[in-house]
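This is run.cif (mmCIF, C-alpha atoms and all ligand atoms).
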```
data_structure
loop_
_atom_site.label_atom_id
_atom_site.label_comp_id
_atom_site.auth_asym_id
_atom_site.auth_seq_id
_atom_site.Cartn_x
_atom_site.Cartn_y
_atom_site.Cartn_z
CA MET A 8 -22.42 22.69 23.77
CA ALA A 9 -19.66 20.27 24.70
CA LYS A 10 -16.31 21.69 25.48
CA LYS A 11 -13.97 21.12 22.58
CA LYS A 12 -10.63 19.50 23.17
CA ALA A 13 -7.72 21.31 21.61
CA ALA A 14 -7.06 19.58 18.31
CA PRO A 15 -3.70 17.84 18.20
CA LYS A 16 -1.29 19.34 15.72
CA LYS A 17 -1.62 17.32 12.56
CA LYS A 18 1.56 15.98 11.07
CA SER A 19 2.31 16.08 7.38
CA THR A 20 1.27 12.45 6.92
CA ALA A 21 -2.35 13.52 7.36
CA VAL A 22 -2.32 15.67 4.25
CA GLN A 23 -0.14 13.57 2.02
CA ALA A 24 -3.04 11.72 0.46
CA SER A 25 -4.31 14.89 -1.15
CA LEU A 26 -1.20 16.68 -2.37
CA PRO A 27 -2.05 19.18 -5.08
CA VAL A 28 -1.58 18.23 -8.72
CA PHE A 29 0.00 20.59 -11.24
CA ARG A 30 -0.89 20.52 -14.93
CA TYR A 31 2.59 21.58 -16.06
CA TYR A 32 4.74 19.85 -13.45
CA ARG A 33 4.46 16.06 -13.07
CA ASP A 34 6.31 15.39 -9.81
CA PRO A 35 7.25 18.55 -7.88
CA PHE A 36 7.43 16.60 -4.60
CA GLY A 37 9.81 14.03 -6.07
CA THR A 38 12.10 16.48 -7.87
CA GLY A 39 12.63 18.99 -5.09
CA ALA A 40 10.25 21.86 -5.88
CA PHE A 41 8.76 21.33 -2.42
CA GLU A 42 10.64 20.30 0.70
CA PRO A 43 9.35 19.04 4.04
CA CYS A 44 8.95 21.93 6.45
CA ASP A 45 7.03 22.51 9.66
CA ASP A 46 6.88 26.31 9.42
CA PRO A 47 3.53 27.98 8.83
CA CYS A 48 2.79 29.22 5.32
CA ASP A 49 3.18 33.01 4.88
CA CYS A 50 0.06 33.01 2.75
CA CYS A 51 -2.54 30.82 4.52
CA GLY A 52 -0.87 30.74 7.96
CA ARG A 53 -1.10 26.96 8.24
CA ALA A 54 1.77 24.55 8.80
CA ARG A 55 1.10 21.96 6.14
CA GLY A 56 4.29 19.93 6.13
CA TYR A 57 5.89 21.34 2.99
CA ARG A 58 7.31 24.55 1.63
CA TYR A 59 8.06 25.72 -1.87
CA GLN A 60 11.81 25.67 -2.57
CA GLY A 61 11.93 27.95 -5.57
CA PHE A 62 11.44 31.65 -6.07
CA LEU A 63 8.34 33.75 -6.03
CA TYR A 64 9.28 36.74 -8.13
CA ALA A 65 7.65 39.48 -6.05
CA GLU A 66 8.41 42.74 -4.25
CA GLU A 67 8.43 41.17 -0.81
CA GLU A 68 10.74 38.35 0.13
CA ILE A 69 8.57 35.41 1.11
CA GLU A 70 10.02 32.66 3.27
CA THR A 71 7.42 29.94 3.31
CA ILE A 72 4.70 29.10 0.82
CA CYS A 73 2.82 25.82 1.05
CA PRO A 74 2.05 23.74 -2.07
CA TRP A 75 -1.69 24.45 -1.78
CA CYS A 76 -1.19 28.22 -1.91
CA VAL A 77 0.93 27.74 -5.04
CA ALA A 78 -1.67 25.46 -6.64
CA ASP A 79 -4.74 27.63 -6.07
CA GLY A 80 -3.01 30.87 -7.05
CA SER A 81 -3.53 32.51 -3.66
CA ALA A 82 0.20 33.10 -3.01
CA ALA A 83 0.76 34.71 -6.43
CA ARG A 84 -2.32 36.87 -5.83
CA LYS A 85 -1.52 37.84 -2.25
CA PHE A 86 2.11 38.78 -2.94
CA ASP A 87 1.50 39.96 -6.51
CA GLY A 88 4.22 37.76 -7.94
CA ILE A 89 4.90 34.93 -10.35
CA PHE A 90 6.66 31.60 -9.91
CA VAL A 91 7.69 31.03 -13.51
CA ASP A 92 9.03 33.55 -15.96
CA ASP A 93 6.76 34.01 -18.98
CA GLU A 94 9.63 34.35 -21.44
CA GLY A 95 9.05 32.27 -24.56
CA LEU A 96 5.36 31.73 -23.82
CA SER A 97 3.92 34.54 -25.92
CA ARG A 98 2.30 32.16 -28.41
CA CYS A 99 0.41 30.27 -25.69
CA ARG A 100 -3.15 31.03 -24.63
CA PRO A 101 -3.49 33.54 -21.77
CA ARG A 102 -5.14 30.90 -19.56
CA ALA A 103 -2.18 28.56 -19.97
CA ILE A 104 0.28 31.37 -19.26
CA ALA A 105 -1.62 32.34 -16.11
CA GLU A 106 -1.71 28.74 -14.89
CA LEU A 107 2.01 28.27 -15.50
CA THR A 108 3.25 31.57 -14.06
CA LYS A 109 0.85 31.91 -11.11
CA ARG A 110 -0.13 28.36 -10.13
CA THR A 111 2.91 26.21 -10.99
CA PRO A 112 6.09 25.83 -8.91
CA GLU A 113 9.34 26.54 -10.67
CA PHE A 114 11.69 23.58 -11.07
CA PHE A 115 15.30 24.02 -10.04
CA ALA A 116 17.49 25.32 -12.86
CA PHE A 117 20.84 27.13 -12.73
CA GLN A 118 19.64 29.87 -15.08
CA GLY A 119 16.02 29.98 -13.90
CA ALA A 120 13.44 27.53 -15.16
CA LYS A 121 12.45 27.87 -18.80
CA TRP A 122 9.32 26.03 -19.88
CA LEU A 123 9.38 24.36 -23.29
CA VAL A 124 6.29 24.78 -25.42
CA HIS A 125 4.95 22.08 -27.76
CA CYS A 126 1.76 21.92 -29.82
CA GLY A 127 0.96 25.46 -28.71
CA GLU A 128 0.93 24.80 -24.97
CA PRO A 129 3.59 24.64 -22.24
CA ALA A 130 4.77 21.04 -21.91
CA VAL A 131 4.76 19.08 -18.65
CA TYR A 132 8.03 19.24 -16.75
CA LEU A 133 9.17 15.71 -15.88
CA THR A 134 12.68 15.66 -14.46
CA PRO A 135 16.28 16.77 -14.63
CA ALA A 136 18.42 14.37 -16.64
CA GLY A 137 21.91 13.63 -17.84
CA TYR A 138 23.10 12.11 -21.10
CA ALA A 139 22.52 8.57 -19.82
CA GLU A 140 18.87 9.28 -18.99
CA LEU A 141 18.28 11.26 -22.20
CA LYS A 142 19.47 8.32 -24.31
CA ARG A 143 16.75 6.16 -22.79
CA TYR A 144 14.09 8.59 -24.06
CA GLY A 145 15.46 8.10 -27.58
CA GLU A 146 16.80 9.96 -30.59
CA GLU A 147 13.95 12.49 -30.79
CA THR A 148 14.66 13.70 -27.26
CA LEU A 149 18.42 13.91 -27.86
CA GLN A 150 17.75 15.91 -31.02
CA SER A 151 15.47 18.33 -29.14
CA VAL A 152 18.36 19.23 -26.79
CA LYS A 153 20.45 20.13 -29.84
CA ASP A 154 17.57 22.12 -31.32
CA ASN A 155 17.05 24.06 -28.09
CA LEU A 156 20.62 25.32 -27.70
CA PRO A 157 20.70 29.09 -27.25
CA ILE A 158 23.91 29.50 -29.26
CA ASP A 159 25.14 28.26 -32.59
CA MET A 160 27.34 25.19 -32.31
CA SER A 161 28.90 22.81 -34.76
CA GLU A 162 27.49 19.27 -34.83
CA LYS A 163 30.62 18.11 -33.01
CA GLN A 164 30.18 20.74 -30.30
CA LYS A 165 26.53 19.75 -29.91
CA GLN A 166 27.53 16.12 -29.40
CA GLY A 167 30.12 17.19 -26.85
CA PHE A 168 27.55 19.26 -24.99
CA LEU A 169 25.07 16.35 -24.96
CA ARG A 170 27.70 14.00 -23.55
CA SER A 171 28.65 16.49 -20.83
CA LEU A 172 25.14 16.53 -19.35
CA ARG A 173 24.77 14.90 -15.92
CA ARG A 174 21.69 14.63 -13.76
CA ASP A 175 23.61 16.05 -10.77
CA GLY A 176 26.33 17.83 -12.67
CA SER A 177 27.04 21.45 -13.55
CA CYS A 178 25.48 20.90 -16.99
CA VAL A 179 22.04 19.30 -16.88
CA ALA A 180 19.05 18.70 -19.15
CA HIS A 181 15.42 19.43 -18.24
CA VAL A 182 12.93 16.98 -19.69
CA PHE A 183 9.31 17.71 -20.67
CA GLU A 184 6.43 15.79 -22.20
CA CYS A 185 3.97 17.39 -24.60
CA LEU A 186 0.39 17.30 -23.28
CA HIS A 187 -0.97 16.78 -26.80
CA CYS A 188 1.42 14.56 -28.81
CA GLN A 189 3.35 13.06 -25.84
CA LYS A 190 6.66 13.81 -27.50
CA VAL A 191 9.46 14.00 -24.91
CA ILE A 192 11.62 17.09 -25.39
CA ALA A 193 14.42 18.69 -23.39
CA TYR A 194 16.89 21.51 -23.14
CA GLY A 195 20.29 21.70 -21.51
CA GLU A 196 21.91 24.40 -19.39
CA CYS A 197 25.02 24.91 -17.31
CA ASP A 198 25.87 26.41 -13.94
ZN ZN B 201 -0.47 28.15 2.33
ZN ZN B 202 3.30 18.17 -29.09
#
```
Mind turning the file's structure into structure tokens?
Ligand SMILES: [Zn+2]
Ligand SMILES: [Zn+2]
Amino acid sequence: MAKKKAAPKKKSTAVQASLPVFRYYRDPFGTGAFEPCDDPCDCCGRARGYRYQGFLYAEEEIETICPWCVADGSAARKFDGIFVDDEGLSRCRPRAIAELTKRTPEFFAFQGAKWLVHCGEPAVYLTPAGYAELKRYGEETLQSVKDNLPIDMSEKQKQGFLRSLRRDGSCVAHVFECLHCQKVIAYGECD
């Protein structure tokens, strides 16, 4: 048997072609759910060029989880935790809840990510947005922000809240697309 040369350490560019895909999160690499990182993953032990930025709600505090160990559920299994809170998902099928809580990265939200449900299934998280971006999605999307307010507001207050939303501000909207009817819906929250 020929003597093997030590394999050169692969850089992140080598794996970028096959980044994992998430059913309920369209662009986690573009919206900051994963950040470039050279540390080895606490779950699989491999340095794969990225780490999960959000929380794994578990007993242990975990520093580094790679996107692949989020996607295949191994990190949630190994550390007995969840990435996404299951609040508001009770009417969804158990398989969908498991996929969202154990195999989907949380998006950044001041009050913890809350997944909107449409047509009986969690919708796909697209992006944070401000009033300017929401307007481009149209009236239906603007209305959904008003409908998803946690407290009772007058129509005037709702309009004021909508106008205060900024993509990088202290009040922001989170935009989703329904997997079934493609309706774009959103909710707003503040720091
Ligand atoms: Zn890993
Ligand atoms: Zn729908």
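Nearest to ligand ZN 201 (chain B) of all the residues A:Tyr57, A:Phe115, A:Tyr144, A:Phe90 is A:Tyr57, counting only C-alpha atoms and all ligand atoms.
Distance check against Ala54 in chain A using only C-alpha atoms: of A:Glu94, A:Asp159, A:Ile69, A:Trp75, the minimum falls on A:Trp75.
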Compile a residue-level contact table for chain A against ligand ZN 201 (chain B) at a cut-off of 6 Å, reporting for every qualifying residue the shortest atom pair and its distance in Å to one decimal, with all atoms listed in the file counted, rows ordered by chain and ascending number, as JSON lines.
```
{"residue": "A:Cys48", "atom": "CA", "partner": "B:ZN201", "partner_atom": "ZN", "distance": 4.6}
{"residue": "A:Cys50", "atom": "CA", "partner": "B:ZN201", "partner_atom": "ZN", "distance": 4.9}
{"residue": "A:Cys51", "atom": "CA", "partner": "B:ZN201", "partner_atom": "ZN", "distance": 4.0}
{"residue": "A:Ile72", "atom": "CA", "partner": "B:ZN201", "partner_atom": "ZN", "distance": 5.5}
{"residue": "A:Cys73", "atom": "CA", "partner": "B:ZN201", "partner_atom": "ZN", "distance": 4.2}
{"residue": "A:Trp75", "atom": "CA", "partner": "B:ZN201", "partner_atom": "ZN", "distance": 5.7}
{"residue": "A:Cys76", "atom": "CA", "partner": "B:ZN201", "partner_atom": "ZN", "distance": 4.3}
```
Mind running chain A against ligand ZN 202 (chain B) at 10 Å and telling me each contacting residue's nearest atom pair with the distance in Å (one decimal), counting only C-alpha atoms and all ligand atoms, chain and number ascending, as CSV?
```
residue,atom,partner,partner_atom,distance
A:Val124,CA,B:ZN202,ZN,8.1
A:His125,CA,B:ZN202,ZN,4.4
A:Cys126,CA,B:ZN202,ZN,4.1
A:Gly127,CA,B:ZN202,ZN,7.7
A:Glu128,CA,B:ZN202,ZN,8.2
A:Pro129,CA,B:ZN202,ZN,9.4
A:Ala130,CA,B:ZN202,ZN,7.9
A:Glu184,CA,B:ZN202,ZN,7.9
A:Cys185,CA,B:ZN202,ZN,4.6
A:Leu186,CA,B:ZN202,ZN,6.6
A:His187,CA,B:ZN202,ZN,5.0
A:Cys188,CA,B:ZN202,ZN,4.1
A:Gln189,CA,B:ZN202,ZN,6.1
A:Lys190,CA,B:ZN202,ZN,5.7
A:Val191,CA,B:ZN202,ZN,8.5
A:Ile192,CA,B:ZN202,ZN,9.2
```
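Between CA of Val131 in chain A and CA of Tyr32 in chain A lies a distance of 5.3 Å.
Across the model, the gap from CA of Val182 in chain A to CA of Thr148 in chain A is 8.4 Å.
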If we draw a sphere of 9 Å around (3.5, 32.3, -8.8), which residues have at least one atom in it when counting all atoms listed in the file? Please report them as a ChimeraX atom specification. /A:62-65,77-78,80-84,86-91,105-113
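As for CA of Glu67 in chain A and CA of Glu196 in chain A, they are spaced 28.4 Å apart.
Compared by their closest atoms to Ser25 in chain A, and using only C-alpha atoms, the residues A:Lys121, A:Arg173, A:Arg55, A:Lys163 rank with A:Arg55 nearest.
Considering all atoms listed in the file, the residue among A:Trp122, A:Tyr31, A:Phe183, A:Phe168 positioned nearest to Pro135 in chain A is A:Phe183.
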All residues 9 Å or closer to Glu162 in chain A, only C-alpha atoms, same chain fewer than 4 positions away omitted, as a ChimeraX atom specification: /A:153,166-167
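Distances to Phe36 in chain A were evaluated for A:Pro101, A:Gly145, A:Pro74, A:Gly95 using all atoms listed in the file, and the minimum falls at A:Pro74.
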Take every atom of range 48-59 of chain A listed in the file, fit an axis-aligned box around them, add 6 Å per side, and give the centre and edge lengths in Å to one decimal as JSON.
```
{"center_x": 2.8, "center_y": 26.5, "center_z": 3.5, "size_x": 22.6, "size_y": 25.1, "size_z": 22.7}
```
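Closest approach to Gln60 in chain A among A:Glu42, A:Asp175, A:Asp93, A:Glu147: A:Glu42, based on only C-alpha atoms.
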